[in-house]
Amino acid sequence: MIPLEDNFFRVIDYLRLSVTDRCNLRCVYCMPASGLQPFDHSDILSYEEIIRIVRVAARLGVRKVRITGGEPLTRKNLSFLVSSLKKIEGIEDLSMTTNGILLDKYAQELSAAGLDRVNISLDSFNPDRYRQITRGGDLSDVLRGIEAAEKAGLRPLKINMVPLRGVNDDEIEQFARMTLGSEYHFRFIEFMPSGVIDTWEPGKYITTEEMKEIIGKKIGPLTPVKLRKNGPSKYFRLQGAKGVIGFISALSHHFCGECNRLRLTSEGKLRPCLFSETEIDLRSPLRTGADDAEIERLLRLSIAVKPEGHNINAAMSELPGPGRQHNFSKRPMPRIGG
Ligand code: SAM
Ligand code: SF4
């Protein structure tokens, strides 16, 4: 079988699966306060449909699968999906991105089902601020979730923070310092325009360079480290630190040249690039009797149309503020699977 290679010689071996567009939080940078109109259950791919797509993708060389959303833990019986994906020949790495609110309840079960590791989104260690950023989340739930993930062996545990100017940027130092005594990976994700008008505010955007400068000045120099599976993160270590600090710089540094991923939205659209509107529908073919060869053709087609890169940072200075339409991804992040 010819592996999934795109027109720019990138081998695609990573599939991000959004299993739901629903979420139990309303993070200010991701969702409007009123939430999003959820898709009907019948519009969402069933677990059986997802498993079938992953099976074909694995035959074409996909090795890594990440379950995301929306909030994946709001979907019922997720451990069934996990155990089924884990059994697919070729899948070597099965992970999940979660806000951690329900992780205390499910970590053990998911680990037993075959989940390898989790990334947990946590934007503040201050309970009031956490509640404000997530519009209602309880920090203690996430902290319990982290503990449960640790106990369940879901490692390496990665904590993701989106620093926003004037909101939680004063915690960049604290997050970075945590790597001194903890083996967790603390990762800073640059704020991105996510498709929901009103969540993007250029004034709140902080570049990776600025974050590094803050850490360098307040704590000490960052030494680059090469981890086995880096993905789009660039990793660094503070002197003597147990853990590492990662930066995901979608806007300030293109990592398109190294992009090895494909996304599947919860209603069955293949999305070759987070920042491009190009989508290929898999749900209709699946529901009208497409055979595996047709699914393979559509997977290959989505790789063939994968753009070489996005150019949204070229237009950074023109990014509109809240209340105005922007031309970047029109699909909100929870509907793509960030
Ligand atoms: N609900 C889960 C969570 O929060 O981890 C998974 C889905 S969420 C869309 C996946 C990741 O996207 C989270 O780490 C979140 O912080 C990030 N994200 C969402 N909106 C973003 C934005 N506008 N800019 C940067 N990162 C964003
Ligand atoms: Fe929900 Fe995750 Fe978006 Fe927050 S970042 S609103 S937890 S989907």
# chains A, B, ... in the order shown; residues from 1 in each chain; ligands from 1
>>> residues_near_ligand(ligand="ligand 1", cutoff="7 Å", atoms="only C-alpha atoms and all ligand atoms", output="PyMOL selection string")
chain A and resi 23+29-30+68-72+97-99+119-121+160-162+189-194+199-200+333-334+337-338
>>> residues_around(residues="Cys27 (chain A)", least_positions_apart="4", cutoff="10 Å", atoms="only C-alpha atoms", output="MDAnalysis selection string")
chainID A and resid 23 31:33 35 99 123 130:137 199
>>> select_by_dssp(residues="region 179-248 of chain A", states="strand (DSSP E)", output="MDAnalysis selection string")
chainID A and resid 185:189 222:225 234:238 244:248
>>> write_last_selection(atoms="N, CA and C atoms", output="short mmCIF file (atom, residue, chain, number, x, y, z; two decimals), in the first residue's frame")
data_model
loop_
_atom_site.label_atom_id
_atom_site.label_comp_id
_atom_site.auth_asym_id
_atom_site.auth_seq_id
_atom_site.Cartn_x
_atom_site.Cartn_y
_atom_site.Cartn_z
N HIS A 185 4.94 17.95 30.90
CA HIS A 185 5.32 18.91 29.86
C HIS A 185 4.35 20.08 29.99
N PHE A 186 4.86 21.26 30.15
CA PHE A 186 3.99 22.45 30.17
C PHE A 186 4.13 23.14 28.82
N ARG A 187 2.99 23.27 28.14
CA ARG A 187 3.06 23.79 26.77
C ARG A 187 2.24 25.07 26.64
N PHE A 188 2.82 26.03 25.97
CA PHE A 188 2.14 27.30 25.74
C PHE A 188 1.66 27.33 24.29
N ILE A 189 0.36 27.51 24.14
CA ILE A 189 -0.22 27.56 22.78
C ILE A 189 -0.53 29.01 22.43
N LEU A 222 16.59 29.10 28.44
CA LEU A 222 15.90 27.89 27.95
C LEU A 222 16.82 27.18 26.96
N THR A 223 17.06 25.91 27.22
CA THR A 223 17.90 25.15 26.29
C THR A 223 17.02 24.26 25.44
N PRO A 224 17.18 24.29 24.11
CA PRO A 224 16.33 23.44 23.26
C PRO A 224 16.56 21.96 23.56
N VAL A 225 15.47 21.20 23.56
CA VAL A 225 15.61 19.74 23.71
C VAL A 225 14.85 19.07 22.59
N LYS A 234 7.80 23.01 19.95
CA LYS A 234 9.26 23.12 20.10
C LYS A 234 9.51 23.09 21.60
N TYR A 235 10.42 22.19 22.01
CA TYR A 235 10.62 21.98 23.45
C TYR A 235 11.93 22.56 23.96
N PHE A 236 11.88 23.00 25.23
CA PHE A 236 13.04 23.60 25.89
C PHE A 236 13.06 23.13 27.34
N ARG A 237 14.23 23.26 27.96
CA ARG A 237 14.33 22.90 29.38
C ARG A 237 15.03 24.03 30.13
N LEU A 238 14.53 24.30 31.33
CA LEU A 238 15.22 25.23 32.21
C LEU A 238 16.33 24.45 32.90
N VAL A 244 9.72 19.61 30.80
CA VAL A 244 10.08 20.46 29.66
C VAL A 244 8.97 21.47 29.37
N ILE A 245 9.38 22.52 28.68
CA ILE A 245 8.44 23.59 28.30
C ILE A 245 8.28 23.52 26.78
N GLY A 246 7.03 23.50 26.32
CA GLY A 246 6.80 23.44 24.88
C GLY A 246 6.09 24.70 24.40
N PHE A 247 6.33 25.03 23.15
CA PHE A 247 5.64 26.17 22.54
C PHE A 247 4.99 25.72 21.25
N ILE A 248 3.73 26.04 21.10
CA ILE A 248 3.03 25.72 19.85
C ILE A 248 2.68 27.05 19.20
#
>>> residues_around(residues="Gln108 (chain A)", least_positions_apart="5", cutoff="9 Å", atoms="only C-alpha atoms", output="JSON, numbers by chain")
{"A": [103, 113, 148, 149, 151, 152, 153, 154]}
>>> residues_around(residues="Leu164 (chain A)", least_positions_apart="2", cutoff="8 Å", atoms="only C-alpha atoms", output="PyMOL selection string")
chain A and resi 162+166-169+191+204-206
>>> write_last_selection(atoms="N, CA, C and O atoms", output="compact mmCIF listing (two decimals), in the first residue's frame")
# COMPACT_ATOMS: atom_id res chain seq x y z
N VAL A 162 -3.15 28.53 27.11
CA VAL A 162 -3.21 29.57 26.08
C VAL A 162 -3.02 30.91 26.80
O VAL A 162 -3.95 31.40 27.44
N GLY A 166 -3.15 40.30 29.57
CA GLY A 166 -4.07 40.97 30.50
C GLY A 166 -5.05 40.01 31.14
O GLY A 166 -5.92 40.42 31.92
N VAL A 167 -4.98 38.73 30.81
CA VAL A 167 -5.91 37.76 31.40
C VAL A 167 -5.14 36.77 32.29
O VAL A 167 -5.40 36.67 33.49
N ASN A 168 -4.17 36.07 31.70
CA ASN A 168 -3.42 35.07 32.49
C ASN A 168 -1.92 35.11 32.18
O ASN A 168 -1.20 34.20 32.56
N ASP A 169 -1.48 36.17 31.46
CA ASP A 169 -0.06 36.20 31.09
C ASP A 169 0.86 36.33 32.30
O ASP A 169 2.02 35.94 32.23
N PHE A 191 -2.46 31.98 21.11
CA PHE A 191 -3.86 32.30 20.84
C PHE A 191 -4.05 32.42 19.32
O PHE A 191 -3.26 33.06 18.64
N LYS A 204 -4.87 40.60 22.73
CA LYS A 204 -4.63 39.54 23.72
C LYS A 204 -3.60 38.51 23.24
O LYS A 204 -3.17 37.66 23.99
N TYR A 205 -3.25 38.62 21.96
CA TYR A 205 -2.32 37.64 21.37
C TYR A 205 -0.89 37.90 21.86
O TYR A 205 -0.41 39.02 21.86
N ILE A 206 -0.23 36.84 22.30
CA ILE A 206 1.16 36.94 22.76
C ILE A 206 2.00 35.96 21.93
O ILE A 206 1.64 34.78 21.83
>>> decode(residues="region 211-222 of chain A", atoms="all heavy atoms", output="PDB file, in the first residue's frame")
ATOM      1  N   MET A 211       6.801  35.118  25.119  1.00  0.00           N
ATOM      2  CA  MET A 211       6.709  34.178  26.256  1.00  0.00           C
ATOM      3  C   MET A 211       8.110  33.732  26.670  1.00  0.00           C
ATOM      4  O   MET A 211       8.446  33.677  27.842  1.00  0.00           O
ATOM      5  CB  MET A 211       5.885  32.948  25.861  1.00  0.00           C
ATOM      6  CG  MET A 211       4.445  33.239  25.500  1.00  0.00           C
ATOM      7  SD  MET A 211       3.642  31.690  24.992  1.00  0.00           S
ATOM      8  CE  MET A 211       2.434  32.266  23.827  1.00  0.00           C
ATOM      9  N   LYS A 212       8.938  33.424  25.666  1.00  0.00           N
ATOM     10  CA  LYS A 212      10.303  32.966  25.964  1.00  0.00           C
ATOM     11  C   LYS A 212      11.094  34.058  26.682  1.00  0.00           C
ATOM     12  O   LYS A 212      11.872  33.777  27.583  1.00  0.00           O
ATOM     13  CB  LYS A 212      11.024  32.618  24.659  1.00  0.00           C
ATOM     14  CG  LYS A 212      10.665  31.277  24.095  1.00  0.00           C
ATOM     15  CD  LYS A 212      11.590  31.043  22.918  1.00  0.00           C
ATOM     16  CE  LYS A 212      11.260  29.827  22.163  1.00  0.00           C
ATOM     17  NZ  LYS A 212      11.852  29.807  20.836  1.00  0.00           N
ATOM     18  N   GLU A 213      10.861  35.290  26.233  1.00  0.00           N
ATOM     19  CA  GLU A 213      11.574  36.414  26.846  1.00  0.00           C
ATOM     20  C   GLU A 213      11.186  36.542  28.323  1.00  0.00           C
ATOM     21  O   GLU A 213      12.038  36.723  29.189  1.00  0.00           O
ATOM     22  CB  GLU A 213      11.177  37.691  26.105  1.00  0.00           C
ATOM     23  CG  GLU A 213      12.320  38.582  25.746  1.00  0.00           C
ATOM     24  CD  GLU A 213      11.788  39.765  24.962  1.00  0.00           C
ATOM     25  OE1 GLU A 213      11.629  39.595  23.737  1.00  0.00           O
ATOM     26  OE2 GLU A 213      11.509  40.820  25.589  1.00  0.00           O
ATOM     27  N   ILE A 214       9.901  36.407  28.607  1.00  0.00           N
ATOM     28  CA  ILE A 214       9.411  36.498  29.994  1.00  0.00           C
ATOM     29  C   ILE A 214      10.088  35.414  30.833  1.00  0.00           C
ATOM     30  O   ILE A 214      10.615  35.674  31.913  1.00  0.00           O
ATOM     31  CB  ILE A 214       7.870  36.346  30.038  1.00  0.00           C
ATOM     32  CG1 ILE A 214       7.202  37.541  29.355  1.00  0.00           C
ATOM     33  CG2 ILE A 214       7.362  36.162  31.471  1.00  0.00           C
ATOM     34  CD1 ILE A 214       5.707  37.395  29.118  1.00  0.00           C
ATOM     35  N   ILE A 215      10.088  34.187  30.304  1.00  0.00           N
ATOM     36  CA  ILE A 215      10.662  33.060  31.063  1.00  0.00           C
ATOM     37  C   ILE A 215      12.168  33.271  31.245  1.00  0.00           C
ATOM     38  O   ILE A 215      12.717  33.089  32.334  1.00  0.00           O
ATOM     39  CB  ILE A 215      10.354  31.728  30.336  1.00  0.00           C
ATOM     40  CG1 ILE A 215       8.847  31.490  30.317  1.00  0.00           C
ATOM     41  CG2 ILE A 215      11.074  30.550  31.007  1.00  0.00           C
ATOM     42  CD1 ILE A 215       8.375  30.378  29.388  1.00  0.00           C
ATOM     43  N   GLY A 216      12.830  33.707  30.172  1.00  0.00           N
ATOM     44  CA  GLY A 216      14.280  33.936  30.229  1.00  0.00           C
ATOM     45  C   GLY A 216      14.636  34.976  31.276  1.00  0.00           C
ATOM     46  O   GLY A 216      15.557  34.799  32.067  1.00  0.00           O
ATOM     47  N   LYS A 217      13.874  36.066  31.309  1.00  0.00           N
ATOM     48  CA  LYS A 217      14.173  37.157  32.243  1.00  0.00           C
ATOM     49  C   LYS A 217      13.864  36.761  33.671  1.00  0.00           C
ATOM     50  O   LYS A 217      14.601  37.047  34.594  1.00  0.00           O
ATOM     51  CB  LYS A 217      13.309  38.377  31.877  1.00  0.00           C
ATOM     52  CG  LYS A 217      14.015  39.348  30.976  1.00  0.00           C
ATOM     53  CD  LYS A 217      13.239  40.646  30.908  1.00  0.00           C
ATOM     54  CE  LYS A 217      13.605  41.366  29.616  1.00  0.00           C
ATOM     55  NZ  LYS A 217      12.492  42.038  29.009  1.00  0.00           N
ATOM     56  N   LYS A 218      12.704  36.084  33.867  1.00  0.00           N
ATOM     57  CA  LYS A 218      12.249  35.837  35.243  1.00  0.00           C
ATOM     58  C   LYS A 218      12.835  34.572  35.853  1.00  0.00           C
ATOM     59  O   LYS A 218      12.941  34.465  37.068  1.00  0.00           O
ATOM     60  CB  LYS A 218      10.720  35.741  35.275  1.00  0.00           C
ATOM     61  CG  LYS A 218      10.056  36.995  34.771  1.00  0.00           C
ATOM     62  CD  LYS A 218       8.811  37.315  35.530  1.00  0.00           C
ATOM     63  CE  LYS A 218       8.385  38.736  35.213  1.00  0.00           C
ATOM     64  NZ  LYS A 218       7.107  39.115  35.624  1.00  0.00           N
ATOM     65  N   ILE A 219      13.202  33.603  35.009  1.00  0.00           N
ATOM     66  CA  ILE A 219      13.686  32.346  35.587  1.00  0.00           C
ATOM     67  C   ILE A 219      15.117  32.040  35.131  1.00  0.00           C
ATOM     68  O   ILE A 219      16.005  31.872  35.950  1.00  0.00           O
ATOM     69  CB  ILE A 219      12.762  31.149  35.250  1.00  0.00           C
ATOM     70  CG1 ILE A 219      11.281  31.540  35.457  1.00  0.00           C
ATOM     71  CG2 ILE A 219      13.115  29.942  36.131  1.00  0.00           C
ATOM     72  CD1 ILE A 219      10.287  30.472  35.065  1.00  0.00           C
ATOM     73  N   GLY A 220      15.322  31.965  33.842  1.00  0.00           N
ATOM     74  CA  GLY A 220      16.673  31.640  33.360  1.00  0.00           C
ATOM     75  C   GLY A 220      16.608  31.148  31.934  1.00  0.00           C
ATOM     76  O   GLY A 220      15.523  31.045  31.346  1.00  0.00           O
ATOM     77  N   PRO A 221      17.769  30.826  31.367  1.00  0.00           N
ATOM     78  CA  PRO A 221      17.801  30.472  29.943  1.00  0.00           C
ATOM     79  C   PRO A 221      17.099  29.153  29.635  1.00  0.00           C
ATOM     80  O   PRO A 221      17.067  28.247  30.472  1.00  0.00           O
ATOM     81  CB  PRO A 221      19.304  30.360  29.631  1.00  0.00           C
ATOM     82  CG  PRO A 221      19.988  30.265  30.938  1.00  0.00           C
ATOM     83  CD  PRO A 221      19.096  30.819  31.997  1.00  0.00           C
ATOM     84  N   LEU A 222      16.585  29.098  28.437  1.00  0.00           N
ATOM     85  CA  LEU A 222      15.897  27.894  27.948  1.00  0.00           C
ATOM     86  C   LEU A 222      16.818  27.184  26.965  1.00  0.00           C
ATOM     87  O   LEU A 222      17.267  27.795  25.997  1.00  0.00           O
ATOM     88  CB  LEU A 222      14.612  28.297  27.219  1.00  0.00           C
ATOM     89  CG  LEU A 222      13.446  28.770  28.075  1.00  0.00           C
ATOM     90  CD1 LEU A 222      12.399  29.467  27.200  1.00  0.00           C
ATOM     91  CD2 LEU A 222      12.794  27.597  28.804  1.00  0.00           C
TER      92      LEU A 222
END
